[in-house]
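Report on the following structure.
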Amino acid sequence: MQPLSSFGSFPATRLRRLRRWDWVRQMVQETHLSSANLIWPIFVIDGKGSTEPIKTMPGVERMSVDLAAEAAERAASLGIGGIAIFPVTPPGLKSEDGRHAIDSENLICRATRAIRERCGDKLGIVCDVALDPYTSHGHDGVIIDNYVANDETVSILCEQAINQARAGATVIAPSDMMDGRIGAIRKALDDAGFQHVTIMSYAAKYASAFYGPFRDAVGSAKNLGGASKKTYQMNPANTDEAIREVALDIQEGADIVMVKPGMPYLDIVRRLHDSFSIPVAVYQVSGEYAMLKMASSAGALNEKECVLESMMAFRRAGASCILTYFAEQVAEWLNVAE
Ligand code: PBG
């Protein structure tokens, strides 16, 4: 800490001088936001040329693989850093052990191939690793003796990651919160020849009620039937534990670590950014999207200003990378402003 006296004092010091004109406000601005900081999560369905609205996420649509490839191309041309693909698995393909996760013809692999073909390496292709889109019970892992079994799940997750890397994923994002999965996935990817595939770990992922609309969007809410993920996702009351999670993930080979949700967890973003020299990502989750969107359409908030403010808050807290359903919209706003 600097001694208080070195900050100056009134009336010689008037901080409003640095806020008087637009040019000076911009000159001393400490944090900046660019579309390169953004990752756009999308929901993919079967079919061709088809979209479906999501009731709890107005303005977001599930889209078929061909439209996902078009969306990725728009994202790339807007300078968005990456696209994160979430499959809406047809109920008939869900099972106890989520084995459809390792099928090379599943939706996420088809979407990954289509996007890679269309966009090459112009933007990151982020594939989520976890079993919840594929399990009949909606959990992120396999259940043995009434418990989401850690080590058995991790070995399936390794196969899932390799399956996605083969399809062309450039970023593997494990969101399952099993112990030891980052090290196991890193080794599995390396052994399969995917040394250059990045791992973005959902390292500090909390057992949050703000994921509600996402579970509607991918159809896992019904499967979960009210069950919670508290035996693997973090307790929202904890912050030291986030340090332990991230320290382990870094040792195990994570390239980027994520905090999730976003706005209610800015303290965690800041703490991780201050504690480790590794890029931090933050996920503005479905419930946060719904809050901003619904309050804006009800006329209570100015959507553009509030969304951009939330983006800047993530950057200010120390995030390099922001996953947000507003990504395309934000990139359009930023491109107009430039
Ligand atoms: C699945 C996963 C979830 C989200 C991303 N990956 C939901 C969950 O853990 O239940 C949530 C994203 C959002 O709410 O926007 N492992």
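Letters A, B, ... go to the chains of the structure tokens in the order shown; residues in each chain start at 1; ligands are counted from 1 in the same order.
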Protein and nucleic acid residues within 9 Å of ligand 1 (only C-alpha atoms and all ligand atoms) as a VMD selection string: chain A and resid 41 86 128 to 133 138 to 140 174 to 177 202 205 to 215 218 220 to 221 228 to 229 233 260 to 261 283 to 289 323 to 325
- Apply DSSP to the structure's backbone, then extract all residues of stretch 11-243 of chain A labelled helix (DSSP H, G or I) and return them as a ChimeraX atom specification. /A:15-19,22-27,35-37,65-77,91-93,99-102,107-119,150-167,181-191,209-218,220-224,240-243
Residue with the minimum atom-to-atom distance to A:Leu78, picked from A:Cys158, A:Leu334, A:Ile182, A:Leu189 with only C-alpha atoms counted, is A:Leu334
Item checked: Nearest to A:Ala101 by atom-to-atom distance, counting only C-alpha atoms, from A:Ile83, A:Leu123, A:Glu159, A:Arg74 ->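 Going through A:Ile83, A:Leu123, A:Glu159, A:Arg74 one by one, the smallest distance to A:Ala101 is for A:Glu159.
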| If you run DSSP on this backbone, which residues of stretch 270-328 of chain A come out as strand (DSSP E), and could you give them as a count of residues only? | 9
12 Å contact set for A:His273, only C-alpha atoms, chain neighbours under 2 positions out, as a PyMOL selection string
chain A and resi 242-243+246+256-259+266-271+275-282+314-321
Give me, as a PyMOL selection string, all polymer residues having an atom no more than 9 Å from stretch 326-328 of chain A, counting only C-alpha atoms and skipping those fewer than 2 positions away in the same chain. chain A and resi 35+38-41+60+71+74-75+78+80+289+307+322-324+330-333
Using Å and a single decimal, report how far atom CA of A:Met57 sits from atom CA of A:Glu70.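 Spanning atom CA of A:Glu70 to atom CA of A:Met57 is a straight-line distance of 20.7 Å.
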Can you measure atom CA of A:Leu33 to atom CA of A:Asp255 for me? One decimal in Å is fine.
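These atoms are spaced 21.2 Å apart.
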Exercise for the section: Mind checking which residues fall within 12 Å of A:Ile162, counting only C-alpha atoms, ignoring those fewer than 4 positions away in the same chain, and posting them as a ChimeraX atom specification? Expected result: /A:101-104,109,127-129,155-158,166-172,184-195,197
Now that the selection is made, can you save its residues with N, CA, C and O atoms as a short mmCIF file (atom, residue, chain, number, x, y, z; two decimals), in the first residue's frame?
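Once written, part_8.cif looks like this:
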```
data_model
loop_
_atom_site.label_atom_id
_atom_site.label_comp_id
_atom_site.auth_asym_id
_atom_site.auth_seq_id
_atom_site.Cartn_x
_atom_site.Cartn_y
_atom_site.Cartn_z
N ALA A 101 -21.53 -39.87 -25.29
CA ALA A 101 -20.46 -38.86 -25.22
C ALA A 101 -19.24 -39.26 -26.05
O ALA A 101 -18.48 -38.40 -26.49
N ILE A 102 -19.05 -40.57 -26.23
CA ILE A 102 -17.84 -40.99 -26.93
C ILE A 102 -18.14 -41.47 -28.35
O ILE A 102 -17.29 -42.08 -29.01
N ASP A 103 -19.33 -41.14 -28.83
CA ASP A 103 -19.71 -41.48 -30.20
C ASP A 103 -19.23 -40.36 -31.14
O ASP A 103 -19.57 -39.19 -30.95
N SER A 104 -18.46 -40.72 -32.15
CA SER A 104 -17.90 -39.68 -33.03
C SER A 104 -18.96 -39.04 -33.91
O SER A 104 -18.71 -38.04 -34.57
N CYS A 109 -19.63 -33.46 -31.90
CA CYS A 109 -18.57 -33.78 -32.89
C CYS A 109 -18.97 -33.31 -34.28
O CYS A 109 -18.14 -32.75 -35.01
N CYS A 127 -14.98 -27.34 -26.61
CA CYS A 127 -15.91 -28.44 -26.36
C CYS A 127 -15.94 -28.75 -24.87
O CYS A 127 -14.91 -28.95 -24.23
N ASP A 128 -17.15 -28.79 -24.33
CA ASP A 128 -17.37 -29.08 -22.92
C ASP A 128 -17.18 -30.58 -22.66
O ASP A 128 -17.73 -31.40 -23.39
N VAL A 129 -16.41 -30.89 -21.65
CA VAL A 129 -16.25 -32.28 -21.24
C VAL A 129 -16.99 -32.48 -19.92
O VAL A 129 -16.68 -31.84 -18.92
N SER A 155 -12.24 -41.75 -16.33
CA SER A 155 -11.74 -42.50 -17.49
C SER A 155 -12.66 -42.33 -18.70
O SER A 155 -12.18 -42.30 -19.83
N ILE A 156 -13.96 -42.15 -18.48
CA ILE A 156 -14.86 -41.87 -19.62
C ILE A 156 -14.59 -40.46 -20.17
O ILE A 156 -14.58 -40.24 -21.39
N LEU A 157 -14.35 -39.52 -19.25
CA LEU A 157 -14.09 -38.13 -19.69
C LEU A 157 -12.86 -38.06 -20.59
O LEU A 157 -12.82 -37.27 -21.54
N CYS A 158 -11.86 -38.90 -20.30
CA CYS A 158 -10.66 -38.92 -21.15
C CYS A 158 -11.02 -39.34 -22.57
O CYS A 158 -10.58 -38.74 -23.54
N ARG A 166 -10.44 -35.32 -31.79
CA ARG A 166 -10.41 -35.93 -33.14
C ARG A 166 -11.34 -35.19 -34.09
O ARG A 166 -11.07 -35.06 -35.28
N ALA A 167 -12.46 -34.70 -33.55
CA ALA A 167 -13.43 -33.99 -34.40
C ALA A 167 -12.93 -32.59 -34.76
O ALA A 167 -13.48 -31.94 -35.64
N GLY A 168 -11.90 -32.12 -34.05
CA GLY A 168 -11.33 -30.81 -34.40
C GLY A 168 -11.41 -29.76 -33.31
O GLY A 168 -11.11 -28.59 -33.56
N ALA A 169 -11.80 -30.16 -32.09
CA ALA A 169 -11.84 -29.19 -30.99
C ALA A 169 -10.42 -28.67 -30.74
O ALA A 169 -9.47 -29.45 -30.72
N THR A 170 -10.30 -27.37 -30.53
CA THR A 170 -8.98 -26.81 -30.21
C THR A 170 -8.87 -26.45 -28.73
O THR A 170 -7.79 -26.23 -28.24
N VAL A 171 -10.01 -26.39 -28.05
CA VAL A 171 -10.01 -26.17 -26.61
C VAL A 171 -10.93 -27.21 -25.96
O VAL A 171 -12.09 -27.33 -26.34
N ILE A 172 -10.39 -27.93 -25.00
CA ILE A 172 -11.17 -28.90 -24.25
C ILE A 172 -11.47 -28.26 -22.89
O ILE A 172 -10.56 -27.81 -22.19
N ALA A 184 -5.51 -36.35 -15.91
CA ALA A 184 -5.83 -37.55 -16.69
C ALA A 184 -6.14 -37.18 -18.14
O ALA A 184 -5.68 -37.84 -19.08
N ILE A 185 -6.89 -36.11 -18.32
CA ILE A 185 -7.26 -35.69 -19.69
C ILE A 185 -6.01 -35.19 -20.43
O ILE A 185 -5.81 -35.49 -21.61
N ARG A 186 -5.16 -34.43 -19.73
CA ARG A 186 -3.93 -33.94 -20.38
C ARG A 186 -3.10 -35.12 -20.89
O ARG A 186 -2.62 -35.13 -22.02
N LYS A 187 -2.96 -36.14 -20.03
CA LYS A 187 -2.16 -37.30 -20.42
C LYS A 187 -2.82 -38.05 -21.59
O LYS A 187 -2.15 -38.43 -22.55
N ALA A 188 -4.12 -38.21 -21.49
CA ALA A 188 -4.83 -38.93 -22.56
C ALA A 188 -4.70 -38.19 -23.89
O ALA A 188 -4.46 -38.80 -24.94
N LEU A 189 -4.85 -36.87 -23.84
CA LEU A 189 -4.73 -36.08 -25.08
C LEU A 189 -3.31 -36.20 -25.63
O LEU A 189 -3.11 -36.41 -26.84
N ASP A 190 -2.32 -36.08 -24.76
CA ASP A 190 -0.93 -36.16 -25.21
C ASP A 190 -0.64 -37.53 -25.83
O ASP A 190 -0.04 -37.61 -26.90
N ASP A 191 -1.09 -38.59 -25.14
CA ASP A 191 -0.83 -39.94 -25.65
C ASP A 191 -1.49 -40.17 -27.01
O ASP A 191 -1.02 -40.95 -27.81
N ALA A 192 -2.61 -39.44 -27.24
CA ALA A 192 -3.32 -39.62 -28.51
C ALA A 192 -2.80 -38.65 -29.59
O ALA A 192 -3.34 -38.60 -30.69
N GLY A 193 -1.76 -37.90 -29.25
CA GLY A 193 -1.16 -37.01 -30.25
C GLY A 193 -1.74 -35.60 -30.27
O GLY A 193 -1.50 -34.84 -31.20
N PHE A 194 -2.50 -35.25 -29.24
CA PHE A 194 -3.13 -33.92 -29.20
C PHE A 194 -2.44 -32.99 -28.19
O PHE A 194 -3.08 -32.34 -27.38
N GLN A 195 -1.10 -32.93 -28.29
CA GLN A 195 -0.33 -32.10 -27.35
C GLN A 195 -0.69 -30.63 -27.46
O GLN A 195 -0.47 -29.85 -26.53
N VAL A 197 -3.67 -29.29 -28.10
CA VAL A 197 -5.03 -28.92 -27.72
C VAL A 197 -5.00 -28.29 -26.32
O VAL A 197 -4.40 -28.82 -25.40
#
```
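The spacing separating atom CA of A:Met294 from atom CA of A:Glu73 amounts to 27.8 Å.
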Review point. Between A:Leu4, A:Val44, A:Val142, A:Ile199, which one has atoms that come closest to A:Thr112, using only C-alpha atoms?
Key: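 Going through A:Leu4, A:Val44, A:Val142, A:Ile199 one by one, the smallest distance to A:Thr112 is for A:Val44.
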